[in-house]
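> What follows is run.txt, made up of compact mmCIF, N, CA and C atoms and all ligand atoms:
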```
# COMPACT_ATOMS: atom_id res chain seq x y z
N MET A 1 -15.65 -5.17 -13.73
CA MET A 1 -14.49 -5.75 -14.38
C MET A 1 -14.55 -5.48 -15.87
N SER A 2 -13.43 -5.04 -16.42
CA SER A 2 -13.42 -4.66 -17.81
C SER A 2 -11.98 -4.64 -18.32
N GLU A 3 -11.82 -4.64 -19.62
CA GLU A 3 -10.47 -4.48 -20.17
C GLU A 3 -9.97 -3.06 -19.93
N GLU A 4 -10.90 -2.13 -19.72
CA GLU A 4 -10.50 -0.75 -19.43
C GLU A 4 -10.57 -0.49 -17.93
N ALA A 5 -9.58 0.26 -17.44
CA ALA A 5 -9.60 0.65 -16.04
C ALA A 5 -10.84 1.50 -15.78
N LEU A 6 -11.33 1.46 -14.57
CA LEU A 6 -12.54 2.20 -14.21
C LEU A 6 -12.36 3.70 -14.47
N LEU A 7 -11.15 4.20 -14.23
CA LEU A 7 -10.91 5.64 -14.33
C LEU A 7 -9.90 5.96 -15.44
N PRO A 8 -10.10 7.07 -16.15
CA PRO A 8 -9.10 7.53 -17.11
C PRO A 8 -7.97 8.25 -16.37
N CYS A 9 -6.97 8.69 -17.11
CA CYS A 9 -5.90 9.49 -16.50
C CYS A 9 -6.50 10.80 -15.99
N PHE A 10 -6.23 11.11 -14.74
CA PHE A 10 -6.77 12.33 -14.13
C PHE A 10 -6.25 13.57 -14.84
N THR A 11 -5.02 13.52 -15.34
CA THR A 11 -4.40 14.70 -15.94
C THR A 11 -4.80 14.91 -17.39
N CYS A 12 -4.65 13.87 -18.23
CA CYS A 12 -4.89 14.07 -19.67
C CYS A 12 -6.21 13.46 -20.14
N GLY A 13 -6.86 12.64 -19.31
CA GLY A 13 -8.14 12.07 -19.68
C GLY A 13 -8.06 10.82 -20.53
N LYS A 14 -6.84 10.36 -20.83
CA LYS A 14 -6.67 9.17 -21.68
C LYS A 14 -7.28 7.94 -21.01
N THR A 15 -7.98 7.12 -21.82
CA THR A 15 -8.50 5.85 -21.33
C THR A 15 -7.33 4.91 -21.08
N LEU A 16 -7.35 4.20 -19.96
CA LEU A 16 -6.27 3.28 -19.61
C LEU A 16 -6.78 1.85 -19.65
N LYS A 17 -5.98 0.96 -20.21
CA LYS A 17 -6.30 -0.47 -20.21
C LYS A 17 -5.96 -1.04 -18.83
N ASN A 18 -6.70 -2.05 -18.42
CA ASN A 18 -6.35 -2.76 -17.20
C ASN A 18 -5.17 -3.70 -17.46
N ALA A 19 -4.29 -3.84 -16.48
CA ALA A 19 -3.17 -4.77 -16.61
C ALA A 19 -3.66 -6.20 -16.57
N PHE A 20 -4.78 -6.44 -15.86
CA PHE A 20 -5.41 -7.75 -15.79
C PHE A 20 -6.87 -7.58 -16.22
N PRO A 21 -7.35 -8.42 -17.15
CA PRO A 21 -8.71 -8.21 -17.66
C PRO A 21 -9.80 -8.36 -16.61
N ASP A 22 -9.53 -9.04 -15.51
CA ASP A 22 -10.57 -9.23 -14.49
C ASP A 22 -10.49 -8.20 -13.37
N ALA A 23 -9.67 -7.17 -13.55
CA ALA A 23 -9.52 -6.14 -12.51
C ALA A 23 -10.54 -5.02 -12.72
N ASP A 24 -10.86 -4.32 -11.63
CA ASP A 24 -11.72 -3.15 -11.74
C ASP A 24 -10.91 -1.92 -12.16
N ASN A 25 -9.81 -1.70 -11.46
CA ASN A 25 -9.00 -0.52 -11.74
C ASN A 25 -7.54 -0.84 -11.45
N GLN A 26 -6.90 -1.50 -12.41
CA GLN A 26 -5.48 -1.86 -12.32
C GLN A 26 -4.84 -1.38 -13.61
N PRO A 27 -4.60 -0.04 -13.70
CA PRO A 27 -4.18 0.50 -15.00
C PRO A 27 -2.82 -0.02 -15.46
N SER A 28 -2.76 -0.33 -16.75
CA SER A 28 -1.50 -0.65 -17.41
C SER A 28 -0.92 0.67 -17.89
N GLU A 29 0.38 0.86 -17.71
CA GLU A 29 1.06 2.11 -18.07
C GLU A 29 0.44 3.30 -17.35
N GLY A 30 0.10 3.08 -16.09
CA GLY A 30 -0.44 4.13 -15.24
C GLY A 30 -0.39 3.67 -13.80
N THR A 31 -0.71 4.57 -12.89
CA THR A 31 -0.70 4.25 -11.46
C THR A 31 -1.98 4.75 -10.82
N GLU A 32 -2.53 3.92 -9.93
CA GLU A 32 -3.69 4.31 -9.15
C GLU A 32 -3.21 4.96 -7.86
N PHE A 33 -3.78 6.08 -7.51
CA PHE A 33 -3.47 6.77 -6.25
C PHE A 33 -4.72 6.80 -5.38
N ARG A 34 -4.52 6.54 -4.09
CA ARG A 34 -5.63 6.53 -3.14
C ARG A 34 -5.27 7.38 -1.93
N THR A 35 -6.28 8.09 -1.41
CA THR A 35 -6.06 8.86 -0.18
C THR A 35 -7.36 9.00 0.59
N TYR A 36 -7.24 9.08 1.90
CA TYR A 36 -8.38 9.45 2.75
C TYR A 36 -8.48 10.96 2.83
N GLY A 37 -7.52 11.62 2.16
CA GLY A 37 -7.44 13.07 2.29
C GLY A 37 -6.64 13.39 3.53
N HIS A 38 -6.65 14.64 3.91
CA HIS A 38 -5.97 15.02 5.14
C HIS A 38 -6.40 16.41 5.56
N TYR A 39 -6.08 16.70 6.81
CA TYR A 39 -6.41 18.01 7.36
C TYR A 39 -5.79 19.08 6.48
N GLY A 40 -6.55 20.07 6.17
CA GLY A 40 -6.07 21.15 5.33
C GLY A 40 -6.79 21.19 3.99
N SER A 41 -7.25 20.05 3.51
CA SER A 41 -7.97 20.04 2.25
C SER A 41 -9.38 20.59 2.47
N THR A 42 -9.82 21.40 1.53
CA THR A 42 -11.22 21.84 1.56
C THR A 42 -12.05 21.01 0.59
N PHE A 43 -11.38 20.03 -0.08
CA PHE A 43 -12.08 19.18 -1.05
C PHE A 43 -12.34 17.79 -0.51
N TRP A 44 -11.32 17.16 0.13
CA TRP A 44 -11.49 15.78 0.57
C TRP A 44 -10.71 15.53 1.85
N ASP A 45 -11.41 15.26 2.91
CA ASP A 45 -10.80 14.89 4.18
C ASP A 45 -11.74 13.92 4.87
N SER A 46 -11.75 12.68 4.34
CA SER A 46 -12.69 11.66 4.82
C SER A 46 -12.31 11.19 6.21
N LEU A 47 -13.28 11.18 7.08
CA LEU A 47 -13.07 10.62 8.41
C LEU A 47 -13.93 9.37 8.60
N ASP A 48 -14.49 8.88 7.48
CA ASP A 48 -15.39 7.73 7.58
C ASP A 48 -14.91 6.54 6.76
N GLY A 49 -13.62 6.54 6.40
CA GLY A 49 -13.06 5.38 5.70
C GLY A 49 -13.25 5.39 4.20
N GLU A 50 -13.75 6.48 3.64
CA GLU A 50 -13.96 6.52 2.20
C GLU A 50 -12.76 7.17 1.52
N GLU A 51 -12.21 6.47 0.51
CA GLU A 51 -11.02 6.97 -0.18
C GLU A 51 -11.40 7.72 -1.45
N LEU A 52 -10.58 8.68 -1.79
CA LEU A 52 -10.61 9.33 -3.10
C LEU A 52 -9.60 8.56 -3.95
N VAL A 53 -9.98 8.22 -5.19
CA VAL A 53 -9.13 7.39 -6.05
C VAL A 53 -8.95 8.08 -7.39
N LEU A 54 -7.73 8.09 -7.88
CA LEU A 54 -7.48 8.60 -9.23
C LEU A 54 -6.34 7.85 -9.88
N ASN A 55 -6.36 7.84 -11.22
CA ASN A 55 -5.28 7.25 -12.01
C ASN A 55 -4.52 8.36 -12.71
N ILE A 56 -3.22 8.18 -12.85
CA ILE A 56 -2.41 9.08 -13.68
C ILE A 56 -1.56 8.19 -14.58
N CYS A 57 -1.57 8.48 -15.87
CA CYS A 57 -0.82 7.65 -16.81
C CYS A 57 0.69 7.92 -16.66
N ASP A 58 1.49 6.93 -17.08
CA ASP A 58 2.95 7.05 -16.95
C ASP A 58 3.49 8.24 -17.74
N ASP A 59 2.92 8.52 -18.91
CA ASP A 59 3.40 9.66 -19.70
C ASP A 59 3.21 10.97 -18.94
N CYS A 60 2.07 11.13 -18.27
CA CYS A 60 1.84 12.37 -17.50
C CYS A 60 2.79 12.45 -16.30
N LEU A 61 3.05 11.31 -15.65
CA LEU A 61 4.01 11.33 -14.53
C LEU A 61 5.40 11.71 -15.05
N ARG A 62 5.83 11.05 -16.13
CA ARG A 62 7.16 11.35 -16.70
C ARG A 62 7.26 12.81 -17.16
N GLY A 63 6.18 13.36 -17.61
CA GLY A 63 6.19 14.72 -18.15
C GLY A 63 6.27 15.81 -17.10
N HIS A 64 6.05 15.45 -15.84
CA HIS A 64 6.05 16.47 -14.78
C HIS A 64 6.75 15.98 -13.52
N THR A 65 7.91 15.36 -13.68
CA THR A 65 8.64 14.85 -12.51
C THR A 65 9.04 15.98 -11.56
N GLU A 66 9.13 17.19 -12.07
CA GLU A 66 9.48 18.33 -11.20
C GLU A 66 8.36 18.62 -10.19
N ARG A 67 7.19 18.03 -10.40
CA ARG A 67 6.07 18.24 -9.48
C ARG A 67 5.92 17.07 -8.50
N LEU A 68 6.80 16.08 -8.60
CA LEU A 68 6.68 14.87 -7.78
C LEU A 68 7.67 14.86 -6.63
N GLY A 69 7.27 14.18 -5.57
CA GLY A 69 8.17 13.88 -4.47
C GLY A 69 8.18 12.37 -4.27
N GLN A 70 9.09 11.91 -3.47
CA GLN A 70 9.10 10.49 -3.12
C GLN A 70 9.54 10.35 -1.68
N HIS A 71 9.09 9.27 -1.07
CA HIS A 71 9.31 9.09 0.36
C HIS A 71 9.63 7.63 0.63
N LYS A 72 10.86 7.35 0.98
CA LYS A 72 11.28 5.97 1.28
C LYS A 72 10.76 5.61 2.65
N ARG A 73 9.89 4.60 2.74
CA ARG A 73 9.30 4.17 4.01
C ARG A 73 9.99 2.95 4.60
N TYR A 74 10.43 2.04 3.74
CA TYR A 74 11.10 0.83 4.24
C TYR A 74 12.06 0.29 3.18
N ARG A 75 13.02 -0.51 3.65
CA ARG A 75 13.89 -1.28 2.77
C ARG A 75 13.40 -2.72 2.81
N PRO A 76 13.37 -3.38 1.66
CA PRO A 76 13.00 -4.79 1.69
C PRO A 76 14.03 -5.61 2.45
N VAL A 77 13.57 -6.57 3.24
CA VAL A 77 14.45 -7.54 3.89
C VAL A 77 14.44 -8.77 3.00
N SER A 78 15.63 -9.20 2.58
CA SER A 78 15.72 -10.26 1.59
C SER A 78 16.63 -11.37 2.07
N ALA A 79 16.23 -12.60 1.77
CA ALA A 79 17.05 -13.77 2.09
C ALA A 79 17.37 -14.50 0.79
N HIS A 80 18.56 -15.09 0.75
CA HIS A 80 19.05 -15.78 -0.43
C HIS A 80 18.04 -16.81 -0.93
N ARG A 81 17.74 -16.77 -2.20
CA ARG A 81 16.88 -17.71 -2.94
C ARG A 81 15.39 -17.57 -2.65
N VAL A 82 14.98 -16.81 -1.65
CA VAL A 82 13.54 -16.64 -1.41
C VAL A 82 13.09 -15.20 -1.65
N GLY A 83 14.03 -14.27 -1.73
CA GLY A 83 13.66 -12.88 -2.01
C GLY A 83 13.15 -12.16 -0.79
N MET A 84 12.19 -11.26 -1.01
CA MET A 84 11.70 -10.39 0.07
C MET A 84 10.93 -11.19 1.11
N VAL A 85 11.35 -11.04 2.37
CA VAL A 85 10.69 -11.78 3.46
C VAL A 85 10.18 -10.85 4.56
N GLY A 86 10.45 -9.54 4.44
CA GLY A 86 9.99 -8.60 5.46
C GLY A 86 10.28 -7.16 5.04
N LYS A 87 9.92 -6.25 5.94
CA LYS A 87 10.13 -4.81 5.69
C LYS A 87 10.89 -4.22 6.87
N HIS A 88 11.96 -3.51 6.56
CA HIS A 88 12.72 -2.80 7.59
C HIS A 88 12.42 -1.31 7.43
N TYR A 89 11.63 -0.77 8.36
CA TYR A 89 11.18 0.62 8.23
C TYR A 89 12.32 1.60 8.51
N VAL A 90 12.37 2.64 7.70
CA VAL A 90 13.40 3.67 7.83
C VAL A 90 12.73 5.02 8.09
N ASP A 91 13.47 5.92 8.71
CA ASP A 91 12.94 7.25 9.04
C ASP A 91 13.66 8.27 8.17
N ARG A 92 13.13 8.50 6.99
CA ARG A 92 13.75 9.42 6.04
C ARG A 92 12.74 10.49 5.64
N PRO A 93 13.22 11.66 5.29
CA PRO A 93 12.29 12.71 4.87
C PRO A 93 11.81 12.49 3.43
N MET A 94 10.66 13.05 3.12
CA MET A 94 10.21 13.09 1.73
C MET A 94 11.16 14.00 0.98
N VAL A 95 11.49 13.64 -0.25
CA VAL A 95 12.42 14.45 -1.06
C VAL A 95 11.82 14.66 -2.44
N PRO A 96 12.34 15.67 -3.17
CA PRO A 96 11.90 15.80 -4.57
C PRO A 96 12.22 14.53 -5.34
N TYR A 97 11.47 14.26 -6.38
CA TYR A 97 11.61 13.05 -7.19
C TYR A 97 13.05 12.89 -7.68
N THR A 98 13.59 11.69 -7.48
CA THR A 98 14.94 11.39 -7.96
C THR A 98 14.94 10.21 -8.92
N GLY A 99 13.84 9.52 -9.05
CA GLY A 99 13.79 8.40 -9.97
C GLY A 99 14.04 7.07 -9.32
N HIS A 100 13.72 6.92 -8.05
CA HIS A 100 13.81 5.62 -7.37
C HIS A 100 15.24 5.09 -7.42
N THR A 101 16.18 5.88 -6.94
CA THR A 101 17.58 5.49 -6.99
C THR A 101 18.03 4.71 -5.77
N ASP A 102 17.23 4.70 -4.71
CA ASP A 102 17.59 3.97 -3.49
C ASP A 102 17.03 2.57 -3.55
N ASP A 103 17.84 1.64 -4.03
CA ASP A 103 17.36 0.26 -4.12
C ASP A 103 18.02 -0.62 -3.06
N GLY A 104 18.41 0.00 -1.95
CA GLY A 104 19.08 -0.73 -0.88
C GLY A 104 18.20 -1.83 -0.30
N VAL A 105 18.77 -2.98 -0.15
CA VAL A 105 18.09 -4.15 0.40
C VAL A 105 18.85 -4.62 1.62
N LEU A 106 18.13 -4.98 2.68
CA LEU A 106 18.76 -5.56 3.86
C LEU A 106 18.81 -7.06 3.68
N LYS A 107 20.01 -7.60 3.44
CA LYS A 107 20.16 -9.03 3.19
C LYS A 107 20.45 -9.76 4.49
N ILE A 108 19.71 -10.84 4.73
CA ILE A 108 19.89 -11.63 5.93
C ILE A 108 20.03 -13.11 5.57
N GLU A 109 20.48 -13.88 6.53
CA GLU A 109 20.58 -15.33 6.34
C GLU A 109 19.21 -15.96 6.60
N PRO A 110 18.93 -17.09 5.99
CA PRO A 110 17.62 -17.74 6.20
C PRO A 110 17.29 -17.96 7.68
N GLU A 111 18.31 -18.28 8.48
CA GLU A 111 18.08 -18.53 9.91
C GLU A 111 17.63 -17.26 10.66
N GLU A 112 17.89 -16.09 10.10
CA GLU A 112 17.54 -14.82 10.76
C GLU A 112 16.11 -14.36 10.46
N ILE A 113 15.44 -15.03 9.54
CA ILE A 113 14.08 -14.63 9.16
C ILE A 113 13.17 -14.74 10.39
N GLY A 114 12.49 -13.66 10.72
CA GLY A 114 11.54 -13.64 11.82
C GLY A 114 12.14 -13.26 13.17
N PHE A 115 13.46 -13.04 13.21
CA PHE A 115 14.09 -12.68 14.49
C PHE A 115 13.68 -11.28 14.92
N ASP A 116 13.85 -11.01 16.19
CA ASP A 116 13.50 -9.71 16.76
C ASP A 116 14.51 -8.66 16.31
N MET A 117 14.22 -7.99 15.20
CA MET A 117 15.07 -6.93 14.68
C MET A 117 14.30 -5.63 14.78
N PRO A 118 14.91 -4.56 15.33
CA PRO A 118 14.20 -3.30 15.47
C PRO A 118 13.63 -2.80 14.14
N ASP A 119 12.44 -2.22 14.23
CA ASP A 119 11.80 -1.57 13.08
C ASP A 119 11.54 -2.52 11.90
N THR A 120 11.40 -3.79 12.18
CA THR A 120 11.21 -4.77 11.11
C THR A 120 9.86 -5.44 11.25
N GLU A 121 9.16 -5.55 10.13
CA GLU A 121 7.84 -6.18 10.08
C GLU A 121 7.96 -7.48 9.29
N TRP A 122 7.45 -8.55 9.86
CA TRP A 122 7.45 -9.86 9.22
C TRP A 122 6.02 -10.25 8.89
N PRO A 123 5.83 -11.07 7.86
CA PRO A 123 4.48 -11.56 7.57
C PRO A 123 4.02 -12.54 8.64
N GLU A 124 2.71 -12.78 8.71
CA GLU A 124 2.15 -13.67 9.74
C GLU A 124 2.73 -15.07 9.68
N ASN A 125 3.01 -15.56 8.48
CA ASN A 125 3.51 -16.93 8.32
C ASN A 125 5.03 -16.98 8.28
N VAL A 126 5.68 -16.10 9.04
CA VAL A 126 7.14 -15.98 8.98
C VAL A 126 7.84 -17.28 9.38
N GLY A 127 7.27 -18.03 10.30
CA GLY A 127 7.89 -19.30 10.71
C GLY A 127 7.98 -20.28 9.53
N ALA A 128 6.90 -20.37 8.78
CA ALA A 128 6.89 -21.26 7.62
C ALA A 128 7.87 -20.77 6.56
N ILE A 129 7.97 -19.46 6.40
CA ILE A 129 8.90 -18.90 5.42
C ILE A 129 10.34 -19.21 5.83
N ARG A 130 10.66 -19.08 7.13
CA ARG A 130 12.01 -19.38 7.61
C ARG A 130 12.34 -20.86 7.35
N GLU A 131 11.43 -21.76 7.68
CA GLU A 131 11.67 -23.19 7.44
C GLU A 131 11.90 -23.46 5.96
N TYR A 132 11.06 -22.86 5.12
CA TYR A 132 11.19 -23.04 3.67
C TYR A 132 12.56 -22.53 3.19
N ALA A 133 12.95 -21.34 3.67
CA ALA A 133 14.22 -20.74 3.24
C ALA A 133 15.41 -21.59 3.69
N ILE A 134 15.34 -22.11 4.90
CA ILE A 134 16.45 -22.95 5.41
C ILE A 134 16.55 -24.22 4.57
N LYS A 135 15.42 -24.87 4.30
CA LYS A 135 15.46 -26.09 3.48
C LYS A 135 15.96 -25.81 2.08
N LEU A 136 15.49 -24.67 1.51
CA LEU A 136 15.88 -24.31 0.15
C LEU A 136 17.38 -24.07 0.05
N ASN A 137 17.98 -23.55 1.11
CA ASN A 137 19.39 -23.21 1.10
C ASN A 137 20.29 -24.31 1.66
N GLU A 138 19.69 -25.39 2.17
CA GLU A 138 20.50 -26.49 2.70
C GLU A 138 21.36 -27.10 1.60
N GLY A 139 22.58 -27.41 1.95
CA GLY A 139 23.46 -28.04 0.97
C GLY A 139 24.25 -27.06 0.13
N GLU A 140 23.83 -25.76 0.18
CA GLU A 140 24.59 -24.75 -0.56
C GLU A 140 25.76 -24.27 0.28
N THR A 141 26.84 -23.96 -0.38
CA THR A 141 27.98 -23.40 0.36
C THR A 141 28.32 -22.04 -0.18
ZN ZN A 201 -2.20 11.14 -18.70
```
Let's see the structure in the file written out as structure tokens.

Amino acid sequence: MSEEALLPCFTCGKTLKNAFPDADNQPSEGTEFRTYGHYGSTFWDSLDGEELVLNICDDCLRGHTERLGQHKRYRPVSAHRVGMVGKHYVDRPMVPYTGHTDDGVLKIEPEEIGFDMPDTEWPENVGAIREYAIKLNEGET
């Protein structure tokens, strides 16, 4: 634990501050990337649960967006006054970087939290969340 992230920027070597002083590697103005590797790499393809970890600072990411892709995996499921309560998985292709323009949210009523909806993942305590959301929204019109 340190004020500095464990790793510098992989691209430019700049030292990164931690966003939280008690974190090991939670870079401020940077992002941590983790991978088990994959078939095809001659450098890293872990089959024993060991991840390769690197940080890239925001300036380096912004400076080379033409080298980035993005892949929308799910839309947040949101209920009035409680915010995100689940994930609705989508089947979309990876695309060149666009700047996170898809901010679509699946809005549901508090009573619908935890219902059997295709491709939707709920947290383990979804029943308690539904009760909380219903009580929070009671009396509103
Ligand atoms: Zn950098």
> When distances are computed from only C-alpha atoms, which of A:Tyr74, A:Pro93, A:Thr35, A:Ile129 shows the smallest separation from Val105 (chain A)?
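Closest to Val105 (chain A) of all the choices is A:Tyr74.
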> My list of candidates is A:Thr98, A:Thr65, A:Ser46, A:Ser28. Which is closest to Lys14 (chain A) when distances are computed with only C-alpha atoms?
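Among the listed residues, the smallest separation from Lys14 (chain A) belongs to A:Ser28.
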> Taking only residues of chain A that have an atom at most 5 Å from an atom of ligand ZN 201 (chain A), what is each one's shortest atom pair and its distance in Å to one decimal, using all atoms listed in the file, in chain and number order, as CSV?

```
residue,atom,partner,partner_atom,distance
A:Cys9,CA,A:ZN201,ZN,4.6
A:Thr11,C,A:ZN201,ZN,4.8
A:Cys12,N,A:ZN201,ZN,3.7
A:Gly13,N,A:ZN201,ZN,4.9
A:Cys57,N,A:ZN201,ZN,3.9
A:Cys60,N,A:ZN201,ZN,4.3
```
> Any chance you can output those residues with N, CA and C atoms as an mmCIF file, in the frame of the given file?

```
data_model
loop_
_atom_site.group_PDB
_atom_site.id
_atom_site.type_symbol
_atom_site.label_atom_id
_atom_site.label_comp_id
_atom_site.auth_asym_id
_atom_site.auth_seq_id
_atom_site.Cartn_x
_atom_site.Cartn_y
_atom_site.Cartn_z
ATOM 1 N N CYS A 9 -6.970 8.690 -17.110
ATOM 2 C CA CYS A 9 -5.900 9.490 -16.500
ATOM 3 C C CYS A 9 -6.500 10.800 -15.990
ATOM 4 N N THR A 11 -5.020 13.520 -15.340
ATOM 5 C CA THR A 11 -4.400 14.700 -15.940
ATOM 6 C C THR A 11 -4.800 14.910 -17.390
ATOM 7 N N CYS A 12 -4.650 13.870 -18.230
ATOM 8 C CA CYS A 12 -4.890 14.070 -19.670
ATOM 9 C C CYS A 12 -6.210 13.460 -20.140
ATOM 10 N N GLY A 13 -6.860 12.640 -19.310
ATOM 11 C CA GLY A 13 -8.140 12.070 -19.680
ATOM 12 C C GLY A 13 -8.060 10.820 -20.530
ATOM 13 N N CYS A 57 -1.570 8.480 -15.870
ATOM 14 C CA CYS A 57 -0.820 7.650 -16.810
ATOM 15 C C CYS A 57 0.690 7.920 -16.660
ATOM 16 N N CYS A 60 2.070 11.130 -18.270
ATOM 17 C CA CYS A 60 1.840 12.370 -17.500
ATOM 18 C C CYS A 60 2.790 12.450 -16.300
#
```
> Kindly give the distance, in Å, that separates CA of Lys107 (chain A) and CA of Ser78 (chain A), rounded to a single decimal.
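CA of Lys107 (chain A) sits 4.9 Å away from CA of Ser78 (chain A).
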> With distances taken over only N, CA and C atoms, which of A:Arg34, A:Arg67, A:Lys72, A:His80 is nearest to Pro110 (chain A)?
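Ranking A:Arg34, A:Arg67, A:Lys72, A:His80 by distance to Pro110 (chain A), first place goes to A:His80.
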